[in-house]
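Trainee: Handing over work37.cif, mmCIF, C-alpha atoms.
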```cif
data_structure
loop_
_atom_site.label_atom_id
_atom_site.label_comp_id
_atom_site.auth_asym_id
_atom_site.auth_seq_id
_atom_site.Cartn_x
_atom_site.Cartn_y
_atom_site.Cartn_z
CA MET A 857 -4.87 10.74 26.99
CA LEU A 858 -6.00 8.09 24.52
CA GLU A 859 -7.92 10.85 22.78
CA ASP A 860 -4.59 12.23 21.52
CA LEU A 861 -3.80 8.90 19.89
CA GLU A 862 -7.29 8.63 18.40
CA GLN A 863 -6.91 12.08 16.89
CA SER A 864 -3.55 11.12 15.42
CA ILE A 865 -4.71 7.85 13.84
CA GLY A 866 -7.95 9.40 12.62
CA TYR A 867 -10.32 6.98 14.35
CA VAL A 868 -12.35 7.42 17.55
CA PHE A 869 -13.21 4.19 19.33
CA LYS A 870 -16.72 3.52 20.57
CA GLU A 871 -15.28 0.84 22.88
CA LYS A 872 -12.17 2.36 24.48
CA GLY A 873 -11.32 -0.97 26.09
CA LEU A 874 -10.41 -2.36 22.67
CA LEU A 875 -7.80 0.33 22.16
CA ARG A 876 -6.39 -0.18 25.66
CA ASN A 877 -6.18 -3.92 25.00
CA ALA A 878 -4.36 -3.29 21.72
CA LEU A 879 -1.76 -1.25 23.59
CA THR A 880 -1.21 -3.79 26.38
CA HIS A 881 2.07 -5.66 25.99
CA THR A 882 2.37 -9.19 27.40
CA SER A 883 4.76 -7.99 30.12
CA TYR A 884 2.17 -5.55 31.51
CA ALA A 885 -0.66 -8.05 31.08
CA TYR A 886 1.23 -10.68 33.07
CA GLU A 887 2.01 -8.30 35.94
CA ASN A 888 -1.58 -7.03 36.13
CA LYS A 889 -3.38 -10.30 35.28
CA ILE A 890 -5.25 -8.86 32.30
CA ALA A 891 -5.44 -9.77 28.60
CA SER A 892 -2.51 -8.78 26.38
CA ASN A 893 -2.62 -7.61 22.78
CA GLU A 894 -1.26 -10.90 21.39
CA LYS A 895 -4.58 -12.18 20.01
CA LEU A 896 -5.39 -8.82 18.43
CA GLU A 897 -1.90 -8.77 16.94
CA PHE A 898 -2.52 -12.21 15.41
CA LEU A 899 -5.70 -11.06 13.69
CA GLY A 900 -4.30 -7.66 12.75
CA ASP A 901 -1.43 -9.33 10.91
CA SER A 902 -3.91 -11.21 8.69
CA ILE A 903 -6.07 -8.13 8.08
CA LEU A 904 -2.99 -6.09 7.18
CA GLU A 905 -1.79 -8.67 4.67
CA PHE A 906 -5.23 -9.01 3.09
CA ILE A 907 -5.91 -5.27 2.78
CA SER A 908 -2.44 -4.46 1.46
CA SER A 909 -2.69 -7.31 -1.07
CA LYS A 910 -6.12 -6.08 -2.21
CA TYR A 911 -4.86 -2.49 -2.55
CA ILE A 912 -1.79 -3.50 -4.55
CA TYR A 913 -3.93 -5.74 -6.79
CA GLU A 914 -6.48 -3.00 -7.49
CA LYS A 915 -4.20 0.03 -7.76
CA HIS A 916 -1.33 -1.56 -9.67
CA PRO A 917 -2.90 -3.97 -12.20
CA ASN A 918 0.22 -4.03 -14.37
CA LEU A 919 2.33 -5.75 -11.72
CA LYS A 920 3.01 -9.45 -12.08
CA GLU A 921 2.26 -11.85 -9.23
CA GLY A 922 5.90 -12.03 -8.16
CA GLU A 923 6.21 -8.25 -8.24
CA MET A 924 3.07 -7.83 -6.11
CA THR A 925 4.51 -10.29 -3.60
CA LYS A 926 7.77 -8.33 -3.47
CA VAL A 927 5.99 -5.00 -2.95
CA ARG A 928 3.87 -6.45 -0.16
CA ALA A 929 6.92 -7.95 1.56
CA GLU A 930 8.72 -4.58 1.45
CA VAL A 931 5.73 -2.68 2.84
CA VAL A 932 4.24 -5.16 5.32
CA CYS A 933 7.30 -5.57 7.53
CA GLU A 934 8.58 -4.55 10.94
CA ASP A 935 10.42 -1.48 9.63
CA SER A 936 7.29 -0.04 7.99
CA LEU A 937 5.04 -0.72 10.98
CA TYR A 938 7.65 0.74 13.33
CA GLU A 939 7.57 3.94 11.28
CA VAL A 940 3.77 4.01 11.54
CA ALA A 941 4.06 3.64 15.32
CA GLN A 942 6.62 6.46 15.46
CA LYS A 943 4.42 8.69 13.31
CA HIS A 944 1.55 8.37 15.79
CA ASN A 945 3.70 8.27 18.97
CA PHE A 946 2.51 4.80 20.02
CA SER A 947 5.35 4.62 22.56
CA ASP A 948 3.60 7.28 24.67
CA PHE A 949 0.54 5.06 25.07
CA LEU A 950 1.93 1.51 25.10
CA LEU A 951 1.57 -0.33 28.42
CA VAL A 952 4.63 -2.43 29.28
CA GLY A 953 5.70 -4.23 32.46
CA ARG A 954 8.29 -2.93 34.91
CA SER A 955 11.19 -4.88 33.40
CA GLU A 956 10.33 -3.77 29.88
CA ALA A 957 9.84 -0.18 31.02
CA PHE A 958 13.30 -0.27 32.62
CA CYS A 959 14.90 -1.08 29.26
CA HIS A 960 12.55 1.22 27.28
CA GLY A 961 10.51 -1.65 25.89
CA ASN A 962 7.82 0.79 24.81
CA GLU A 963 10.32 2.13 22.27
CA LYS A 964 11.52 -1.19 20.82
CA PRO A 965 10.77 -1.51 17.09
CA ALA A 966 9.41 -5.08 17.33
CA ILE A 967 7.04 -4.27 20.19
CA LEU A 968 5.81 -1.10 18.50
CA ALA A 969 5.32 -2.89 15.16
CA ASP A 970 3.26 -5.58 16.90
CA SER A 971 1.12 -2.94 18.58
CA VAL A 972 0.24 -1.44 15.18
CA GLU A 973 -1.10 -4.83 14.08
CA ALA A 974 -3.09 -5.06 17.31
CA VAL A 975 -4.60 -1.60 16.76
CA ILE A 976 -5.61 -2.61 13.24
CA ALA A 977 -7.58 -5.54 14.68
CA ALA A 978 -9.07 -3.31 17.38
CA ILE A 979 -10.29 -0.85 14.74
CA TYR A 980 -11.78 -3.78 12.80
CA PHE A 981 -13.76 -5.01 15.82
CA ASP A 982 -14.87 -1.51 16.76
CA GLY A 983 -15.69 -0.03 13.35
CA GLY A 984 -15.53 -2.78 10.76
CA LEU A 985 -13.20 -3.71 7.93
CA GLU A 986 -13.70 -0.43 6.05
CA LYS A 987 -12.30 1.63 8.93
CA ALA A 988 -9.39 -0.76 9.39
CA GLU A 989 -8.70 -0.44 5.68
CA GLU A 990 -8.70 3.36 5.90
CA PHE A 991 -6.08 3.27 8.65
CA ILE A 992 -3.87 0.81 6.76
CA ILE A 993 -4.02 2.57 3.41
CA ASN A 994 -3.60 6.06 4.85
CA ASN A 995 -0.39 4.94 6.53
CA LEU A 996 1.09 2.68 3.85
CA LYS A 997 -0.02 4.02 0.46
CA GLU A 998 3.06 6.22 0.04
CA LYS A 999 5.38 3.29 0.79
CA ILE A 1000 3.44 1.10 -1.62
CA ALA A 1001 3.76 3.74 -4.35
CA ILE A 1002 7.52 4.00 -3.85
CA SER A 1003 7.94 0.23 -3.77
CA THR A 1004 5.97 -0.29 -6.98
CA LYS A 1005 8.20 2.19 -8.79
CA ASN A 1006 11.33 0.34 -7.69
CA VAL A 1007 10.02 -3.22 -7.95
CA GLY A 1008 11.81 -3.96 -11.21
CA MET A 1009 15.12 -2.61 -9.96
CA LYS A 1010 17.72 -4.60 -8.08
CA ASP A 1011 18.57 -3.21 -4.65
CA HIS A 1012 22.08 -1.97 -3.87
CA LYS A 1013 22.99 -5.03 -1.77
CA THR A 1014 22.10 -7.37 -4.62
CA VAL A 1015 24.01 -5.31 -7.19
CA LEU A 1016 27.06 -5.15 -4.90
CA GLN A 1017 26.96 -8.89 -4.30
CA GLU A 1018 26.78 -9.63 -8.03
CA LYS A 1019 29.64 -7.22 -8.76
CA LEU A 1020 31.90 -8.66 -6.08
CA GLN A 1021 31.18 -12.26 -7.08
CA GLN A 1022 31.94 -11.78 -10.77
CA HIS A 1023 35.21 -13.71 -10.43
CA GLY A 1024 34.20 -16.23 -7.79
CA ASP A 1025 32.71 -16.55 -4.32
CA VAL A 1026 33.58 -13.94 -1.72
CA ILE A 1027 32.54 -13.33 1.87
CA ILE A 1028 30.48 -10.15 2.20
CA LYS A 1029 29.78 -8.97 5.73
CA TYR A 1030 27.66 -6.11 7.10
CA GLU A 1031 28.41 -4.98 10.66
CA VAL A 1032 26.82 -2.35 12.89
CA ILE A 1033 29.71 -0.18 14.07
CA ASP A 1034 27.78 2.49 15.96
CA THR A 1035 24.34 3.75 16.94
CA LYS A 1036 23.26 7.23 17.95
CA GLY A 1037 20.09 8.68 19.41
CA PRO A 1038 17.35 7.35 21.70
CA ASP A 1039 15.65 4.02 21.00
CA HIS A 1040 12.61 5.67 19.43
CA ASP A 1041 14.75 7.71 17.02
CA LYS A 1042 17.97 5.74 16.60
CA THR A 1043 20.40 6.02 13.71
CA PHE A 1044 22.47 2.95 12.76
CA PHE A 1045 25.95 3.09 11.26
CA VAL A 1046 27.03 0.03 9.28
CA LYS A 1047 30.29 -1.11 7.65
CA VAL A 1048 30.39 -3.46 4.66
CA GLU A 1049 33.41 -5.72 4.14
CA CYS A 1050 34.49 -8.10 1.40
CA ASN A 1051 36.85 -10.89 2.46
CA GLY A 1052 37.74 -8.88 5.56
CA LYS A 1053 38.53 -5.68 3.66
CA SER A 1054 36.41 -2.64 4.51
CA LEU A 1055 34.66 -1.17 1.48
CA ALA A 1056 32.41 1.60 2.79
CA THR A 1057 30.10 2.70 5.58
CA GLY A 1058 26.48 3.81 5.59
CA SER A 1059 23.77 5.03 7.92
CA GLY A 1060 20.02 4.77 8.30
CA LYS A 1061 17.10 4.71 10.72
CA THR A 1062 17.01 0.90 10.58
CA LYS A 1063 19.75 -1.71 10.18
CA LYS A 1064 18.31 -2.65 6.80
CA SER A 1065 18.40 0.90 5.45
CA ALA A 1066 21.91 1.44 6.87
CA GLU A 1067 23.14 -1.73 5.14
CA MET A 1068 21.56 -0.57 1.88
CA ASN A 1069 23.26 2.81 2.20
CA ALA A 1070 26.62 1.14 2.90
CA ALA A 1071 26.18 -1.03 -0.21
CA GLU A 1072 25.29 2.04 -2.27
CA ASN A 1073 28.42 3.83 -1.06
CA ALA A 1074 30.54 0.75 -1.75
CA LEU A 1075 29.31 0.66 -5.33
CA LYS A 1076 30.34 4.30 -5.77
CA VAL A 1077 33.82 3.49 -4.44
CA LEU A 1078 34.19 0.50 -6.77
CA GLU A 1079 33.15 2.55 -9.79
#
```
Show the structure stored in the file as structure tokens.
Mentor:
Amino acid sequence: MLEDLEQSIGYVFKEKGLLRNALTHTSYAYENKIASNEKLEFLGDSILEFISSKYIYEKHPNLKEGEMTKVRAEVVCEDSLYEVAQKHNFSDFLLVGRSEAFCHGNEKPAILADSVEAVIAAIYFDGGLEKAEEFIINNLKEKIAISTKNVGMKDHKTVLQEKLQQHGDVIIKYEVIDTKGPDHDKTFFVKVECNGKSLATGSGKTKKSAEMNAAENALKVLE
């Protein structure tokens, strides 16, 4: 069964135990008295940050230091890693304990994002830094390209905040009003308010993207 995941991620492990370890959540490890993926996740996080920083530095030499930092922060985040996990169906292979399985823990964005970091470290130990780099870049280069194009632009939430605060401080609130779909493919619906008055709603696959869409729609209404 792990062969399906290996085919999807484009890397075949010589030591299958490393991949199994990377997919072992703490809840399962505790119940079965085996090692969890926490230590691999710790190392994978550092490898991911280093490789993404190196790629941004080399491929986008015109970016300033602050811009490179912003691009990296947008790309190396839970939302991005969750999308990588979804792309390769990590939830089908993740080992979680009984309590986590009951509440579909194998489909939770945070747990899936952590498992991607753990797999990065597992690839590093099994095949070296070059193979880990291939996995990271293959999965994040499109996001990096998009982020670098938009790095000089203010996001919709920032623009909305500046517009609403032109004449003084206001209270801007984003609230999730509904969700639809299973945990692994959920859509969030968000409402944005200013001083208690509803401005617009928006939707997205993550809370962040739904908030951004709500802000975008609010700007259209205000125009």
Trainee: So that each row is one residue of range 948-970 of chain A with an atom at most 10 Å from range 885-908 of chain A, can you give its shortest atom pair and the distance in Å to one decimal, using all atoms listed in the file, rows by chain and rising number, as a tab-separated table?
Mentor:
```
residue	atom	partner	partner_atom	distance
A:Leu951	CA	A:Ala885	CA	8.5
A:Val952	CA	A:Ala885	CA	7.9
A:Gly953	CA	A:Glu887	CA	6.5
A:Arg954	CA	A:Glu887	CA	8.3
A:Ala969	CA	A:Glu897	CA	9.5
A:Asp970	CA	A:Glu897	CA	6.1
```
Trainee: Smallest atom-to-atom distance to Leu1020 in chain A: which of A:Ala1074, A:Val975, A:Leu874, A:Ile1002, using only C-alpha atoms?
Mentor: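 Among the listed residues, the smallest separation from Leu1020 in chain A belongs to A:Ala1074.
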Trainee: Could you tell me, as a list in words, exactly which residues end up selected when the PyMOL selection byres ((chain A and resi 942) around 10) is applied to this structure?
Mentor: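 When the PyMOL selection byres ((chain A and resi 942) around 10) is applied, the selected residues are Ser936, Leu937, Tyr938, Glu939, Val940, Ala941, Lys943, His944, Asn945, Phe946, Ser947, Asp948, Glu963, Pro965, Leu968, Ala969, His1040 and Asp1041 of chain A.
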Trainee: Which is closer to Leu875 in chain A than all the others in A:Glu930, A:Glu921, A:Asp982, A:Asp1039, using all atoms listed in the file?
Mentor: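 Comparing A:Glu930, A:Glu921, A:Asp982, A:Asp1039 against Leu875 in chain A, the winner is A:Asp982.
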Trainee: In Å, how far is it from CA of Ala977 in chain A to CA of Glu871 in chain A?
Mentor: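 One can read the CA of Ala977 in chain A to CA of Glu871 in chain A distance as 12.9 Å.
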Trainee: For a quick check of understanding, using all atoms listed in the file, which of A:Phe949, A:Lys997, A:Glu1049, A:Ser883 has the smallest distance to His916 in chain A?
Mentor: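 Among the listed residues, the smallest separation from His916 in chain A belongs to A:Lys997.
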Trainee: Can you list, as a list in words, the residues that the PyMOL selection byres ((chain A and resi 1071) around 7) selects here?
Mentor: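 For this structure, the PyMOL selection byres ((chain A and resi 1071) around 7) resolves to His1012, Lys1013, Leu1016, Val1048, Glu1067, Met1068, Asn1069, Ala1070, Glu1072, Asn1073, Ala1074 and Leu1075 of chain A.
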Trainee: Nearest to Leu879 in chain A among A:Ser971, A:Val1077, A:Gln1022, A:Ile993, with distances taken over all atoms listed in the file: which residue is it?
Mentor: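 Going through A:Ser971, A:Val1077, A:Gln1022, A:Ile993 one by one, the smallest distance to Leu879 in chain A is for A:Ser971.
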Trainee: Kindly resolve the PyMOL selection byres ((chain A and resi 1033) around 7) on the present coordinates and return the residues as a list in words.
Mentor: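 Those residues are Glu1031, Val1032, Asp1034, Phe1045, Val1046 and Lys1047 of chain A.
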